[in-house]
>>> print(open('entry21.pdb').read())   # PDB, C-alpha atoms and all ligand atoms
ATOM      1  CA  MET A   1    -155.016-125.964  -1.325  1.00  0.00           C
ATOM      2  CA  GLY A   2    -155.902-122.797  -3.048  1.00  0.00           C
ATOM      3  CA  GLN A   3    -153.077-121.042  -1.316  1.00  0.00           C
ATOM      4  CA  ILE A   4    -151.984-117.891  -3.051  1.00  0.00           C
ATOM      5  CA  PRO A   5    -148.243-117.436  -2.948  1.00  0.00           C
ATOM      6  CA  ALA A   6    -147.229-114.225  -1.249  1.00  0.00           C
ATOM      7  CA  GLY A   7    -145.372-113.190  -4.385  1.00  0.00           C
ATOM      8  CA  THR A   8    -143.217-110.690  -2.594  1.00  0.00           C
ATOM      9  CA  ALA A   9    -140.329-109.722  -4.799  1.00  0.00           C
ATOM     10  CA  ARG A  10    -137.804-107.034  -5.319  1.00  0.00           C
ATOM     11  CA  ALA A  11    -138.224-104.797  -8.318  1.00  0.00           C
ATOM     12  CA  GLY A  12    -135.526-102.995 -10.175  1.00  0.00           C
ATOM     13  CA  ASP A  13    -132.528-104.466 -11.868  1.00  0.00           C
ATOM     14  CA  GLY A  14    -130.001-103.375  -9.340  1.00  0.00           C
ATOM     15  CA  ALA A  15    -129.265-100.018 -10.873  1.00  0.00           C
ATOM     16  CA  GLY A  16    -128.907 -97.555  -8.070  1.00  0.00           C
ATOM     17  CA  GLY A  17    -128.671-100.239  -5.391  1.00  0.00           C
ATOM     18  CA  ALA A  18    -130.228 -98.541  -2.362  1.00  0.00           C
ATOM     19  CA  GLY A  19    -133.029 -97.089  -4.475  1.00  0.00           C
ATOM     20  CA  MET A  20    -134.774-100.428  -4.955  1.00  0.00           C
ATOM     21  CA  THR A  21    -138.478-100.459  -4.197  1.00  0.00           C
ATOM     22  CA  GLU A  22    -140.008-103.467  -2.570  1.00  0.00           C
ATOM     23  CA  THR A  23    -142.993-104.734  -4.504  1.00  0.00           C
ATOM     24  CA  LYS A  24    -145.688-107.308  -4.011  1.00  0.00           C
ATOM     25  CA  ARG A  25    -147.625-109.123  -6.699  1.00  0.00           C
ATOM     26  CA  CYS A  26    -151.368-108.752  -6.619  1.00  0.00           C
ATOM     27  CA  PRO A  27    -152.892-112.169  -7.467  1.00  0.00           C
ATOM     28  CA  ARG A  28    -156.000-110.565  -8.937  1.00  0.00           C
ATOM     29  CA  CYS A  29    -154.530-108.193 -11.521  1.00  0.00           C
ATOM     30  CA  GLU A  30    -151.143-109.892 -11.511  1.00  0.00           C
ATOM     31  CA  ARG A  31    -149.266-106.639 -11.321  1.00  0.00           C
ATOM     32  CA  ALA A  32    -146.175-106.234  -9.171  1.00  0.00           C
ATOM     33  CA  LEU A  33    -146.806-103.032  -7.278  1.00  0.00           C
ATOM     34  CA  PRO A  34    -145.047-100.987  -4.605  1.00  0.00           C
ATOM     35  CA  LEU A  35    -146.145-101.998  -1.117  1.00  0.00           C
ATOM     36  CA  ASP A  36    -147.978 -98.741  -0.530  1.00  0.00           C
ATOM     37  CA  GLU A  37    -150.450 -99.788  -3.236  1.00  0.00           C
ATOM     38  CA  PHE A  38    -151.724-102.387  -0.766  1.00  0.00           C
ATOM     39  CA  THR A  39    -153.878-101.442   2.169  1.00  0.00           C
ATOM     40  CA  ARG A  40    -152.811-102.431   5.654  1.00  0.00           C
ATOM     41  CA  ASP A  41    -154.462-105.474   7.139  1.00  0.00           C
ATOM     42  CA  ARG A  42    -153.145-106.534  10.518  1.00  0.00           C
ATOM     43  CA  SER A  43    -154.886-109.896  10.346  1.00  0.00           C
ATOM     44  CA  ARG A  44    -152.802-110.868   7.317  1.00  0.00           C
ATOM     45  CA  LYS A  45    -149.331-112.227   7.164  1.00  0.00           C
ATOM     46  CA  GLY A  46    -147.011-109.353   6.390  1.00  0.00           C
ATOM     47  CA  GLY A  47    -149.634-106.866   7.573  1.00  0.00           C
ATOM     48  CA  LEU A  48    -150.890-106.122   4.089  1.00  0.00           C
ATOM     49  CA  SER A  49    -154.043-106.972   2.224  1.00  0.00           C
ATOM     50  CA  PRO A  50    -153.388-109.574  -0.515  1.00  0.00           C
ATOM     51  CA  TRP A  51    -155.087-107.492  -3.213  1.00  0.00           C
ATOM     52  CA  CYS A  52    -153.973-104.073  -4.391  1.00  0.00           C
ATOM     53  CA  ARG A  53    -156.078-100.986  -3.713  1.00  0.00           C
ATOM     54  CA  ASP A  54    -157.518-100.943  -7.235  1.00  0.00           C
ATOM     55  CA  CYS A  55    -158.606-104.556  -7.035  1.00  0.00           C
ATOM     56  CA  LYS A  56    -160.091-104.160  -3.582  1.00  0.00           C
ATOM     57  CA  ASN A  57    -162.136-101.192  -4.724  1.00  0.00           C
ATOM     58  CA  ALA A  58    -163.142-102.922  -7.936  1.00  0.00           C
ATOM     59  CA  SER A  59    -164.283-106.059  -6.148  1.00  0.00           C
ATOM     60  CA  ARG A  60    -166.428-104.047  -3.769  1.00  0.00           C
ATOM     61  CA  ARG A  61    -168.000-102.221  -6.681  1.00  0.00           C
ATOM     62  CA  GLU A  62    -168.543-105.473  -8.560  1.00  0.00           C
ATOM     63  CA  TYR A  63    -170.182-106.992  -5.527  1.00  0.00           C
ATOM     64  CA  TYR A  64    -172.465-104.025  -5.234  1.00  0.00           C
ATOM     65  CA  TYR A  65    -173.521-104.074  -8.865  1.00  0.00           C
ATOM     66  CA  ALA A  66    -173.961-107.860  -8.856  1.00  0.00           C
ATOM     67  CA  ASN A  67    -176.149-107.599  -5.780  1.00  0.00           C
ATOM     68  CA  HIS A  68    -177.717-104.285  -6.615  1.00  0.00           C
ATOM     69  CA  ASP A  69    -181.339-105.254  -5.956  1.00  0.00           C
ATOM     70  CA  LYS A  70    -180.569-107.177  -2.835  1.00  0.00           C
ATOM     71  CA  VAL A  71    -178.410-104.458  -1.376  1.00  0.00           C
ATOM     72  CA  ARG A  72    -180.959-101.836  -2.321  1.00  0.00           C
ATOM     73  CA  ARG A  73    -183.794-103.692  -0.670  1.00  0.00           C
ATOM     74  CA  GLN A  74    -181.777-104.084   2.482  1.00  0.00           C
ATOM     75  CA  GLN A  75    -180.743-100.500   2.765  1.00  0.00           C
ATOM     76  CA  ASN A  76    -182.695 -97.347   2.862  1.00  0.00           C
ATOM     77  CA  GLU A  77    -181.997 -94.566   0.437  1.00  0.00           C
ATOM     78  CA  TYR A  78    -179.624 -92.689   2.674  1.00  0.00           C
ATOM     79  CA  ARG A  79    -177.555 -95.707   3.550  1.00  0.00           C
ATOM     80  CA  THR A  80    -177.358 -96.753  -0.085  1.00  0.00           C
ATOM     81  CA  ARG A  81    -176.047 -93.349  -0.968  1.00  0.00           C
ATOM     82  CA  GLU A  82    -173.505 -93.294   1.813  1.00  0.00           C
ATOM     83  CA  HIS A  83    -172.417 -96.807   0.911  1.00  0.00           C
ATOM     84  CA  LEU A  84    -171.882 -95.760  -2.687  1.00  0.00           C
ATOM     85  CA  ARG A  85    -169.942 -92.738  -1.549  1.00  0.00           C
ATOM     86  CA  THR A  86    -167.755 -94.934   0.626  1.00  0.00           C
ATOM     87  CA  ILE A  87    -166.836 -97.264  -2.204  1.00  0.00           C
ATOM     88  CA  GLY A  88    -165.958 -94.363  -4.421  1.00  0.00           C
ATOM     89  CA  VAL A  89    -168.955 -94.080  -6.731  1.00  0.00           C
ATOM     90  CA  ALA A  90    -169.164 -90.558  -8.089  1.00  0.00           C
ATOM     91  CA  TYR A  91    -172.458 -88.703  -7.520  1.00  0.00           C
ATOM     92  CA  PRO A  92    -174.116 -91.528  -5.556  1.00  0.00           C
ATOM     93  CA  GLU A  93    -177.452 -89.668  -5.608  1.00  0.00           C
ATOM     94  CA  LEU A  94    -177.672 -90.519  -9.307  1.00  0.00           C
ATOM     95  CA  GLN A  95    -177.680 -94.233  -8.484  1.00  0.00           C
ATOM     96  CA  VAL A  96    -180.810 -93.891  -6.363  1.00  0.00           C
ATOM     97  CA  PRO A  97    -183.911 -93.972  -8.606  1.00  0.00           C
ATOM     98  CA  ARG A  98    -186.166 -92.682  -5.844  1.00  0.00           C
ATOM     99  CA  TRP A  99    -183.976 -89.645  -5.328  1.00  0.00           C
ATOM    100  CA  LEU A 100    -183.786 -88.930  -9.041  1.00  0.00           C
ATOM    101  CA  ARG A 101    -187.519 -89.380  -9.534  1.00  0.00           C
ATOM    102  CA  ARG A 102    -188.200 -86.946  -6.713  1.00  0.00           C
ATOM    103  CA  GLU A 103    -185.868 -84.300  -8.077  1.00  0.00           C
ATOM    104  CA  TYR A 104    -186.945 -84.693 -11.678  1.00  0.00           C
ATOM    105  CA  LEU A 105    -190.621 -85.632 -11.491  1.00  0.00           C
ATOM    106  CA  GLN A 106    -191.787 -84.063  -8.239  1.00  0.00           C
ATOM    107  CA  LYS A 107    -189.639 -80.986  -7.817  1.00  0.00           C
ATOM    108  CA  PHE A 108    -189.319 -80.743 -11.603  1.00  0.00           C
ATOM    109  CA  LYS A 109    -185.705 -79.740 -11.405  1.00  0.00           C
ATOM    110  CA  SER A 110    -184.105 -79.716 -14.827  1.00  0.00           C
ATOM    111  CA  PRO A 111    -181.162 -82.031 -15.491  1.00  0.00           C
ATOM    112  CA  LYS A 112    -179.084 -78.858 -15.592  1.00  0.00           C
ATOM    113  CA  GLN A 113    -180.225 -77.838 -12.109  1.00  0.00           C
ATOM    114  CA  ILE A 114    -179.638 -81.336 -10.743  1.00  0.00           C
ATOM    115  CA  ALA A 115    -176.203 -81.353 -12.342  1.00  0.00           C
ATOM    116  CA  ALA A 116    -175.384 -77.967 -10.827  1.00  0.00           C
ATOM    117  CA  ALA A 117    -176.461 -79.145  -7.372  1.00  0.00           C
ATOM    118  CA  LEU A 118    -174.283 -82.246  -7.578  1.00  0.00           C
ATOM    119  CA  GLY A 119    -171.375 -80.695  -9.431  1.00  0.00           C
ATOM    120  CA  CYS A 120    -171.517 -83.079 -12.370  1.00  0.00           C
ATOM    121  CA  THR A 121    -172.411 -82.557 -16.015  1.00  0.00           C
ATOM    122  CA  GLU A 122    -175.907 -82.451 -17.427  1.00  0.00           C
ATOM    123  CA  ALA A 123    -175.047 -85.440 -19.626  1.00  0.00           C
ATOM    124  CA  THR A 124    -174.246 -87.454 -16.500  1.00  0.00           C
ATOM    125  CA  VAL A 125    -177.665 -86.651 -15.052  1.00  0.00           C
ATOM    126  CA  ARG A 126    -179.421 -87.579 -18.291  1.00  0.00           C
ATOM    127  CA  ARG A 127    -177.530 -90.854 -18.424  1.00  0.00           C
ATOM    128  CA  ALA A 128    -178.533 -91.597 -14.840  1.00  0.00           C
ATOM    129  CA  LEU A 129    -182.190 -90.817 -15.548  1.00  0.00           C
ATOM    130  CA  ARG A 130    -182.164 -93.237 -18.453  1.00  0.00           C
ATOM    131  CA  ALA A 131    -180.331 -95.862 -16.396  1.00  0.00           C
ATOM    132  CA  CYS A 132    -183.023 -95.609 -13.721  1.00  0.00           C
ATOM    133  CA  GLY A 133    -185.750 -95.979 -16.337  1.00  0.00           C
ATOM    134  CA  ILE A 134    -187.034 -92.453 -15.887  1.00  0.00           C
ATOM    135  CA  GLU A 135    -188.469 -90.984 -19.045  1.00  0.00           C
ATOM    136  CA  ILE A 136    -186.777 -87.759 -20.031  1.00  0.00           C
ATOM    137  CA  LEU A 137    -189.469 -85.254 -20.883  1.00  0.00           C
ATOM    138  CA  PRO A 138    -189.151 -82.657 -23.608  1.00  0.00           C
ATOM    139  CA  ARG A 139    -187.495 -79.599 -22.132  1.00  0.00           C
ATOM    140  CA  THR A 140    -190.469 -77.302 -22.747  1.00  0.00           C
ATOM    141  CA  LEU A 141    -192.965 -79.704 -21.191  1.00  0.00           C
ATOM    142  CA  HIS A 142    -190.766 -80.199 -18.164  1.00  0.00           C
ATOM    143  CA  ALA A 143    -190.296 -76.454 -17.791  1.00  0.00           C
ATOM    144  CA  ALA A 144    -194.074 -75.955 -18.059  1.00  0.00           C
ATOM    145  CA  LEU A 145    -194.640 -78.513 -15.298  1.00  0.00           C
ATOM    146  CA  ARG A 146    -192.085 -76.706 -13.155  1.00  0.00           C
ATOM    147  CA  THR A 147    -193.719 -73.353 -13.787  1.00  0.00           C
ATOM    148  CA  GLY A 148    -197.142 -74.829 -13.145  1.00  0.00           C
ATOM    149  CA  LYS A 149    -195.981 -76.207  -9.837  1.00  0.00           C
ATOM    150  CA  GLN A 150    -194.461 -72.908  -8.784  1.00  0.00           C
ATOM    151  CA  GLY A 151    -197.598 -71.169  -9.959  1.00  0.00           C
ATOM    152  CA  VAL A 152    -199.737 -73.031  -7.439  1.00  0.00           C
ATOM    153  CA  ARG A 153    -199.845 -70.693  -4.494  1.00  0.00           C
ATOM    154  CA  SER A 154    -202.224 -70.618  -1.602  1.00  0.00           C
TER     155      SER A 154
HETATM  156 ZN    ZN A 201    -154.606-105.808  -8.191  1.00  0.00          ZN
END
>>> encode(input="entry21.pdb", output="structure tokens")
Amino acid sequence: MGQIPAGTARAGDGAGGAGMTETKRCPRCERALPLDEFTRDRSRKGGLSPWCRDCKNASRREYYYANHDKVRRQQNEYRTREHLRTIGVAYPELQVPRWLRREYLQKFKSPKQIAAALGCTEATVRRALRACGIEILPRTLHAALRTGKQGVRS
């Protein structure tokens, strides 16, 4: 029970004959897609993963977000970041509150500087700060803290 039919079918209505593309139906998104939209999986019948690339990526992301705290506790900062990078999350540093807090509240880098270092937009950094529960300080206050820090010389 619970068997998912392979759903392998031929697309195209015969026009062109030899130009037909073989497709496979993804049971998750129910789209019939060309075979190269499925990753290879030798352990599977037909040598292809049952889900399409999009669905595989999405399910990994969903798992991560659903288990965010658990995963985070189990992994250190670096591994979390690399994991996020692997599953295709853009600017994984922004998902790590500790990293953000350090950049913003210890090094007093402005969102603009953080954005420049990562190659994203300032708005993305601000959104990430809010998402991590980090209070965004007024620009002048933050700049004063930065200057004050730089001003401390031995
Ligand atoms: Zn799919």
>>> resolve_selection(input="entry21.pdb", expression="the PyMOL selection byres (((not hetatm)) within 12 of (chain A and resi 201))", output="list in words")
Lys24, Arg25, Cys26, Pro27, Arg28, Cys29, Glu30, Arg31, Ala32, Leu33, Pro34, Leu35, Glu37, Phe38, Thr39, Ser49, Pro50, Trp51, Cys52, Arg53, Asp54, Cys55, Lys56, Asn57, Ala58 and Ser59 of chain A
>>> axis_aligned_box(input="entry21.pdb", around="region 131-147 of chain A", padding_each_side="5 Å", output="JSON")
{"center_x": -187.5, "center_y": -84.7, "center_z": -18.4, "size_x": 24.3, "size_y": 32.6, "size_z": 20.5}
>>> resolve_selection(input="entry21.pdb", expression="the PyMOL selection byres (((chain A and resi 146) around 10) and not hetatm)", output="PDB file with C-alpha atoms, in the coordinates of the input")
ATOM      1  CA  TYR A 104    -186.945 -84.693 -11.678  1.00  0.00           C
ATOM      2  CA  LEU A 105    -190.621 -85.632 -11.491  1.00  0.00           C
ATOM      3  CA  GLN A 106    -191.787 -84.063  -8.239  1.00  0.00           C
ATOM      4  CA  LYS A 107    -189.639 -80.986  -7.817  1.00  0.00           C
ATOM      5  CA  PHE A 108    -189.319 -80.743 -11.603  1.00  0.00           C
ATOM      6  CA  LYS A 109    -185.705 -79.740 -11.405  1.00  0.00           C
ATOM      7  CA  SER A 110    -184.105 -79.716 -14.827  1.00  0.00           C
ATOM      8  CA  THR A 140    -190.469 -77.302 -22.747  1.00  0.00           C
ATOM      9  CA  LEU A 141    -192.965 -79.704 -21.191  1.00  0.00           C
ATOM     10  CA  HIS A 142    -190.766 -80.199 -18.164  1.00  0.00           C
ATOM     11  CA  ALA A 143    -190.296 -76.454 -17.791  1.00  0.00           C
ATOM     12  CA  ALA A 144    -194.074 -75.955 -18.059  1.00  0.00           C
ATOM     13  CA  LEU A 145    -194.640 -78.513 -15.298  1.00  0.00           C
ATOM     14  CA  THR A 147    -193.719 -73.353 -13.787  1.00  0.00           C
ATOM     15  CA  GLY A 148    -197.142 -74.829 -13.145  1.00  0.00           C
ATOM     16  CA  LYS A 149    -195.981 -76.207  -9.837  1.00  0.00           C
ATOM     17  CA  GLN A 150    -194.461 -72.908  -8.784  1.00  0.00           C
ATOM     18  CA  GLY A 151    -197.598 -71.169  -9.959  1.00  0.00           C
TER      19      GLY A 151
END
>>> closest_residue(input="entry21.pdb", among="A:Leu100, A:Arg40, A:Ile136, A:Ala90", to="Thr121 (chain A)", atoms="only C-alpha atoms")
A:Ala90
>>> atom_distance(input="entry21.pdb", atom1="CA of Ala117 (chain A)", atom2="CA of Pro138 (chain A)")
20.9 Å
>>> closest_residue(input="entry21.pdb", among="A:Arg79, A:Lys112, A:His68, A:Arg127", to="Leu94 (chain A)", atoms="all atoms listed in the file")
A:Arg127
>>> atom_distance(input="entry21.pdb", atom1="CA of Ile87 (chain A)", atom2="CA of Asn67 (chain A)")
14.4 Å
>>> atom_distance(input="entry21.pdb", atom1="CA of Leu118 (chain A)", atom2="CA of Glu103 (chain A)")
11.8 Å
>>> closest_residue(input="entry21.pdb", among="A:Trp99, A:Ala131, A:Asp36, A:Glu62", to="Thr80 (chain A)", atoms="all atoms listed in the file")
A:Trp99
>>> closest_residue(input="entry21.pdb", among="A:Asp41, A:Leu48, A:Glu135, A:Arg61", to="Thr23 (chain A)", atoms="only C-alpha atoms")
A:Leu48
>>> residues_around(input="entry21.pdb", residues="Gly119 (chain A)", least_positions_apart="3", cutoff="12 Å", atoms="only C-alpha atoms", output="number ranges by chain")
A: 90-94, 111-116, 122-125
>>> closest_residue(input="entry21.pdb", among="A:Tyr64, A:Asp69, A:Arg102, A:Ala128", to="Gly88 (chain A)", atoms="all atoms listed in the file")
A:Tyr64
